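Visitor: Sharing a structure below in structure tokens format, with a few things to ask.
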Amino acid sequence: MRDLINYIVFGWYPYLCLTVFLLGSWVRFDREQYTWRSGSSQLLRRRQLTWGSNLFHVGILVIFMGHFVGLLTPIVVFDTLGISHTFKQWLAIIAGGVAGVMCFVGITLLVHRRLFDVRIRTNSSFGDIAILLLLYAQLCLGLGTIYVSLQHLDGHEMVKFMTWAQGILTLQPGVAALIADVHPIFKAHLFLGMTIFLVFPFTRLVHVWSAPVWYLGRRGYQIVRSQGRHGVAVASSQGRRPARTVSAEYPR
């Protein structure tokens, strides 16, 4: 019975989560574009939001990239580069610990703001609160794995997770058995992480797909009022091109 549950959770459940994650996101974008947003509440308690959001997003991006590269990079690549499992384990503990603490402080501010400000809580949906608490629980589990990881610095436990994750994506049967004897906190961390992918299309997390990276290379503009006529002059922020005026008549 134990082996069956392990197979269902770590052999079958990942494919359910990935399918819902991809197809659900596509269907929502195709049919519910007006709900494709982060639902910002930045007009309320803006200072706390700024600190919490910045710390959370920086931390979570570092954690995500660390998991993505750490789990999905073939082991042969690390061996070719001469990176030992022990070094990789220490790197994950230190870098992940710093990013995790940063993210923990940020999400704590966001949870406090969301739950204890009456105006924000009133304007929050069940999904807004639920996904925030799910992320909070997942982050706490992730920080808890650091203590367990310090007990086996040889990195062999990490190799199990790498082999499992890569086996899931390459459709290799039987990889669930690799997770059978790992510490329960790792199992809980993996299960909750997959569950977040499962509920992803139904929450505000879909705004991740629309990250405005193109703004980094976008030319800035400044809108000013022209001096000689009733209109609006649109000037390039680079200051080299003459402003073009968009005429606008105002009632006298």
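By order in the structure tokens, chains are A, B, ...; within a chain, residues start at 1; ligands start at 1, following the order shown.
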Which residues are close to Asp181 in chain A, i.e. within 12 Å by only C-alpha atoms, leaving aside same-chain residues fewer than 2 positions away? Reply as a list in words.
Guide: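 The neighbour list is Arg2, Asp3, Asn6, Glu157, Lys160, Phe161, Ala176, Ala177, Leu178, Ile179, His183, Pro184, Ile185, Phe186 and Lys187 of chain A.
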Visitor: Which polymer residues have any atom within 8 Å of an atom of Pro201 in chain A, counting only C-alpha atoms, with same-chain residues fewer than 2 positions away left out, as a PDB file with C-alpha atoms, in the first residue's frame?
Guide:
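Output file around-v1.pdb is given in full below:
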ATOM      1  CA  VAL A  20      -3.436  21.102 -15.842  1.00  0.00           C
ATOM      2  CA  PHE A  21      -0.674  23.717 -15.536  1.00  0.00           C
ATOM      3  CA  GLY A  24      -5.303  25.325 -17.935  1.00  0.00           C
ATOM      4  CA  SER A  25      -3.083  28.343 -18.543  1.00  0.00           C
ATOM      5  CA  ARG A  28      -7.680  30.693 -19.406  1.00  0.00           C
ATOM      6  CA  PHE A 197       1.504  23.961 -10.375  1.00  0.00           C
ATOM      7  CA  LEU A 198      -1.902  22.255 -10.299  1.00  0.00           C
ATOM      8  CA  VAL A 199      -3.786  25.326  -9.029  1.00  0.00           C
ATOM      9  CA  THR A 203      -5.064  31.943  -9.467  1.00  0.00           C
ATOM     10  CA  ARG A 204      -3.365  35.300  -9.954  1.00  0.00           C
ATOM     11  CA  LEU A 205      -0.077  33.452 -10.559  1.00  0.00           C
ATOM     12  CA  VAL A 206      -0.896  33.405 -14.282  1.00  0.00           C
TER      13      VAL A 206
END
Visitor: Between A:Ile168, A:Met158, A:Ala180, A:Ile196, which one has atoms that come closest to Tyr136 in chain A, using only C-alpha atoms?
Guide: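 So, comparing all the options, the nearest one is A:Ile196.
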Visitor: List as JSON, numbers by chain the protein and nucleic acid residues near range 148-156 of chain A, meaning an atom at most 12 Å away when only C-alpha atoms are counted, but skip any in the same chain fewer than 4 places from it.
Guide: {"A": [70, 75, 83, 84, 85, 86, 87, 88, 89, 90, 91, 92, 93, 94, 96, 97, 141, 142, 143, 144, 160, 161, 162, 163, 178, 182, 183, 184, 185, 186]}
Visitor: Find the spatial neighbours of range 108-121 of chain A, counting only C-alpha atoms, within a cut-off of 8 Å - ignore same-chain residues fewer than 4 positions away - and output them as a tab-separated table (two decimals) with C-alpha atoms, in the first residue's frame.
Guide:
chain	number	residue	atom	x	y	z
A	41	SER	CA	-3.91	46.42	-4.42
A	44	LEU	CA	-3.56	50.40	0.02
A	45	ARG	CA	-0.59	50.26	2.45
A	48	GLN	CA	4.49	47.67	3.15
A	49	LEU	CA	3.58	46.30	-0.29
A	51	TRP	CA	9.04	46.16	0.73
A	52	GLY	CA	7.18	42.87	0.83
A	53	SER	CA	6.73	42.53	-2.92
A	104	PHE	CA	10.27	34.65	3.83
A	129	ILE	CA	-5.51	34.37	0.16
A	132	LEU	CA	-0.49	33.24	-0.73
A	133	LEU	CA	-0.81	30.80	2.18
A	136	TYR	CA	4.01	30.61	2.53
Visitor: Any idea what's packed within 10 Å of Thr195 in chain A, counting only C-alpha atoms, ignoring anything in its chain fewer than 2 positions away? Could you give it as number ranges by chain?
Guide: A: 13-14, 16-18, 21, 134, 189-193, 197-200
Visitor: Please produce a file of those selected residues containing C-alpha atoms, as a PDB file, in the first residue's frame.
Guide:
ATOM      1  CA  TYR A  13       0.477  13.072  -9.836  1.00  0.00           C
ATOM      2  CA  PRO A  14       3.320  15.071 -11.501  1.00  0.00           C
ATOM      3  CA  LEU A  16      -1.626  15.540 -13.786  1.00  0.00           C
ATOM      4  CA  CYS A  17      -0.140  18.757 -12.396  1.00  0.00           C
ATOM      5  CA  LEU A  18       1.886  19.512 -15.533  1.00  0.00           C
ATOM      6  CA  PHE A  21      -0.674  23.717 -15.536  1.00  0.00           C
ATOM      7  CA  LEU A 134       0.182  27.894  -0.058  1.00  0.00           C
ATOM      8  CA  HIS A 189       7.915  19.915  -0.180  1.00  0.00           C
ATOM      9  CA  LEU A 190       7.664  18.094  -3.511  1.00  0.00           C
ATOM     10  CA  PHE A 191       3.947  17.360  -3.121  1.00  0.00           C
ATOM     11  CA  LEU A 192       3.042  20.940  -2.220  1.00  0.00           C
ATOM     12  CA  GLY A 193       5.241  22.269  -5.024  1.00  0.00           C
ATOM     13  CA  PHE A 197       1.504  23.961 -10.375  1.00  0.00           C
ATOM     14  CA  LEU A 198      -1.902  22.255 -10.299  1.00  0.00           C
ATOM     15  CA  VAL A 199      -3.786  25.326  -9.029  1.00  0.00           C
ATOM     16  CA  PHE A 200      -1.622  27.798 -10.964  1.00  0.00           C
TER      17      PHE A 200
END
Visitor: I need the residues in range 12-240 of chain A that are strand (DSSP E) according to DSSP; give them as JSON, numbers by chain.
Guide: {"A": [221, 222, 223, 224, 225, 231, 232, 233, 234, 235, 236]}
